[in-house]
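The structure appears below as structure tokens.
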Amino acid sequence: MSSAQESALPAVIDIKSHSSLLHSSSGGTMGATSKQITTIDFSYFGGAESLDEGRSPRRTEVTRPSAQDDGKSYPGPPQDPSDFLWLMTEEPHRTRRMAIMKAHPEVTKLMGHEPLTKWVVCAVVSLQLTTAYLLRRTDPLSPLFLLCAYVIGGTANHNLFLAIHEITHNLAFKSVKANKALAVFANLPIGIPYSAAFKRYHIEHHKFLGEDGIDTDLPTRLELLCLNNVLGKVFFATFQILFYALRPGFVRTQAFTQWHFINLLTQLVFDYAVVKTWGVRPLIYFLMSSFFAGSLHPLAGHFIAEHYVWDGLQQETYSYYGPLNVLAYNVGYHNEHHDFPSVPWTRLPALRALAPEFYDTIPSHPSWPMVIVNFIRDPEVGIFARVKRKPKSHGKPTEQATPSPDQEK
């Protein structure tokens with residue numbers, strides 16, 4: 001058989017039908033074989049030498065399997081690792097939002113601010129201040145300091161990252177200015193001012209999801225070229241907080257506003273007061289906590305889990321419904337959040353329960369920590385595994401003060 005004929009073999013052969021295929025090729029009837037060709041076996045992709053070779057285990061799961069996706073087989077072939085997944089379709093959240101609002105008009109009752117948020121923020125900021133104070137005489141390289149910075153500080157600061165994310169959508173107070181002020185306060189133990197800049201970038205992430213050059217959550221071409229291997233993925237997962245902090249400035253700069261200035265000045269005054277009063281070690285603790293929060297930390301798995309493409313799917317947003325959501329403002333309910341960004345964190349589980357026919361039938365991640373592990377070791381996912389679109393518009397960054405079911409706040 002020529003190489004051309006070999007490459008033309010059908011990619012719809014189930015492993016169980018291998019013996020029948022051999023029988024048919026030696027004179028058996030093709031009818032018996034065709035009846036067994038029921039599932040897709042992608043072991044041919046990549047030049048596998050046998051039908052036992054194949055793809056990595058499926059990484060996502062489906063709460064309610066359907067005819068479209070049983071949660072076990074692969075909906076599509078592996079993605080080409082040399083480029084991003086470029087689509088011409090509209091991002092899925094607006095369409096699903098409209099469908100859910102038509103099927104469940106009572107969903108609007110879930111929208112609005114959550115008074116509990118400000119108290120959680122105050123508690124976590126107090127925890128970080130107390131821990132930093134208690135470590136003020138501890139060597140930053142000692143096991144105790146490092147353990148506290150990773151376990152307590154990393155978890156607390158990641159919680160504050162996500163508090164700022166929640167507040168960015170104006171979901172803590174009815175007043176936009178009050179939300180911005182709370183975000184600046186939540187920023188204090190992080191050590192570096194970022195809440196004002198994050199707000200603008202994140203609103204664009206929702207409004208222009210996947211649009212190259214606008215959505216700064218997307219990896220750049222340079223990242224694809226330099227980090228598209230195991231060592232590169234280890235580096236990315238370890239230092240991903242730096243990528244999220246530095247990438248936006250290279251991709252899409254912002255105009256410096258009053259709130260950028262307030263955020264910067266407040267943080268500098270706070271950092272100076274901490275060093276002047278307690279010494280430099282508490283500030284080191286804050287910065288180390290922020291690094292661990294965005295590095296190889298269980299909660300940091302959500303950075304990769306949310307929008308990287310898995311299992312041959314063209315689904316660009318994934319939810320996670322596990323217990324770590326308790327520490328993360330339910331950000332694992334990410335499809336729900338993108339569909340209805342005006343629903344606060346405490347009501348996202350209710351949103352899922354209200355519309356299970358929309359959410360339980362699409363793939364989700366069973367574990368954030370394993371997302372990091374699988375991202376590093378799985379050749380079918382990497383920096384390339386992101387959906388991109390050509391930008392329709394280079395719209396200016398905006399901030400909305402009026403709640404809307406179709407848009408961000």
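Order determines the names: the first chain of the structure tokens is A, the second B, and so forth; residues in each chain are numbered 1 upward, and ligands are numbered 1 upward as they are shown.
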
* Shell around Arg252 of chain A at 9 Å using only C-alpha atoms, local window under 5 positions removed, as JSON, numbers by chain -> {"A": [201, 213, 214, 215, 216, 247]}

Based on the selection just made, write N, CA and C atoms of those residues as a tab-separated table (two decimals), in the first residue's frame.
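What ended up in out-v2.tsv:
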chain	number	residue	atom	x	y	z
A	201	TYR	N	-9.04	46.20	31.60
A	201	TYR	CA	-8.66	45.05	30.78
A	201	TYR	C	-9.70	43.94	30.89
A	213	GLY	N	-5.42	41.02	20.02
A	213	GLY	CA	-5.00	42.40	20.15
A	213	GLY	C	-5.88	43.23	21.05
A	214	ILE	N	-7.02	42.69	21.49
A	214	ILE	CA	-7.92	43.41	22.39
A	214	ILE	C	-8.07	42.65	23.70
A	215	ASP	N	-8.35	41.36	23.61
A	215	ASP	CA	-8.47	40.52	24.80
A	215	ASP	C	-7.07	40.16	25.28
A	216	THR	N	-6.61	40.83	26.32
A	216	THR	CA	-5.23	40.63	26.79
A	216	THR	C	-5.07	39.37	27.63
A	247	ARG	N	1.81	41.21	30.26
A	247	ARG	CA	1.32	41.09	28.89
A	247	ARG	C	0.41	42.25	28.46

Neighbouring residues of Asp217 of chain A were defined as those with any atom within 8 Å, considering only C-alpha atoms; residues of the same chain fewer than 2 positions away were excluded. Please report them as a ChimeraX atom specification. /A:205,215,219,244,248

Hey, what does DSSP flag as strand (DSSP E or B) within segment 186-409 of chain A? Can you give it to me as a PyMOL selection string?
chain A and resi 211+308+319-320+364-365+386-389

Put those residues in a file: C-alpha atoms, as a tab-separated table (two decimals), in the first residue's frame.
chain	number	residue	atom	x	y	z
A	211	GLU	CA	-10.36	39.00	19.81
A	308	TYR	CA	-7.82	26.91	27.27
A	319	SER	CA	-16.50	25.72	34.42
A	320	TYR	CA	-15.28	23.91	37.52
A	364	SER	CA	-16.32	21.13	32.65
A	365	HIS	CA	-13.13	20.49	34.64
A	386	ARG	CA	-6.71	29.18	22.88
A	387	VAL	CA	-9.50	30.38	20.64
A	388	LYS	CA	-8.70	33.57	18.74
A	389	ARG	CA	-10.71	35.78	16.43

Q: Fewer than 4 positions away in the same chain doesn't count, so skip those; otherwise give me all residues within 10 Å of Ala293 of chain A, counting only C-alpha atoms, as a list in words.
A: Ala149, Tyr150, Val151, Ile152, Gly153, Gly154, Thr155, Ala156, Asn157, His158, Asn159, Leu160, Phe161, Ile190, Gln240, Ile241, Leu287, Met288, Ser289, His297, Pro298, Leu299 and Ala300 of chain A

**Prompt:** For Gln79 of chain A, which residue among A:Ala183, A:Ile362, A:Val373, A:Leu313 is the nearest when counting only C-alpha atoms?
**Reply:**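 Nearest to Gln79 of chain A: A:Leu313.
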
Note to self: If we count only C-alpha atoms and set the cut-off at 9 Å, which residues sit around Ile383 of chain A, ignoring sequence neighbours fewer than 6 positions away in its own chain? Please answer as JSON, numbers by chain.
What the structure shows: {"A": [81, 83, 84, 219, 220, 223, 224, 225, 227, 228, 229, 232, 233, 236, 308]}

Can you write out the residues you just picked, keeping N, CA and C atoms, as a tab-separated table (two decimals), in the first residue's frame?
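Saved result, out_38.tsv, follows:
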chain	number	residue	atom	x	y	z
A	81	PRO	N	-0.67	22.10	17.03
A	81	PRO	CA	0.08	22.83	18.06
A	81	PRO	C	0.92	23.98	17.53
A	83	ASP	N	-0.26	26.62	15.96
A	83	ASP	CA	-0.99	27.89	15.88
A	83	ASP	C	-2.17	27.84	16.83
A	84	PHE	N	-2.74	29.00	17.10
A	84	PHE	CA	-3.94	29.08	17.92
A	84	PHE	C	-5.13	28.56	17.12
A	219	PRO	N	-2.65	34.51	25.07
A	219	PRO	CA	-1.20	34.48	24.86
A	219	PRO	C	-0.84	35.14	23.53
A	220	THR	N	0.35	35.67	23.46
A	220	THR	CA	0.81	36.32	22.24
A	220	THR	C	1.53	35.31	21.34
A	223	GLU	N	4.83	34.22	22.89
A	223	GLU	CA	4.67	33.17	23.90
A	223	GLU	C	4.50	31.81	23.23
A	224	LEU	N	3.74	31.77	22.14
A	224	LEU	CA	3.55	30.52	21.42
A	224	LEU	C	4.88	29.98	20.89
A	225	LEU	N	5.70	30.86	20.35
A	225	LEU	CA	6.97	30.44	19.75
A	225	LEU	C	7.97	29.99	20.82
A	227	LEU	N	7.32	29.13	24.25
A	227	LEU	CA	6.90	28.31	25.39
A	227	LEU	C	6.09	27.09	24.98
A	228	ASN	N	6.11	26.74	23.71
A	228	ASN	CA	5.26	25.67	23.21
A	228	ASN	C	5.92	24.30	23.35
A	229	ASN	N	6.38	23.99	24.56
A	229	ASN	CA	6.97	22.68	24.86
A	229	ASN	C	6.85	22.46	26.36
A	232	GLY	N	8.69	24.97	28.49
A	232	GLY	CA	8.03	26.26	28.35
A	232	GLY	C	6.74	26.32	29.15
A	233	LYS	N	6.00	25.21	29.16
A	233	LYS	CA	4.75	25.18	29.91
A	233	LYS	C	5.01	25.19	31.42
A	236	PHE	N	5.75	28.78	32.16
A	236	PHE	CA	4.52	29.57	32.10
A	236	PHE	C	3.66	29.34	33.34
A	308	TYR	N	-8.63	27.75	28.16
A	308	TYR	CA	-7.82	26.91	27.27
A	308	TYR	C	-8.68	25.80	26.69

> Just how far from atom CA of Gly191 of chain A is atom CA of Phe303 of chain A, in Å to one decimal?
Replying inline: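 Separating atom CA of Phe303 of chain A from atom CA of Gly191 of chain A is a distance of 20.3 Å.
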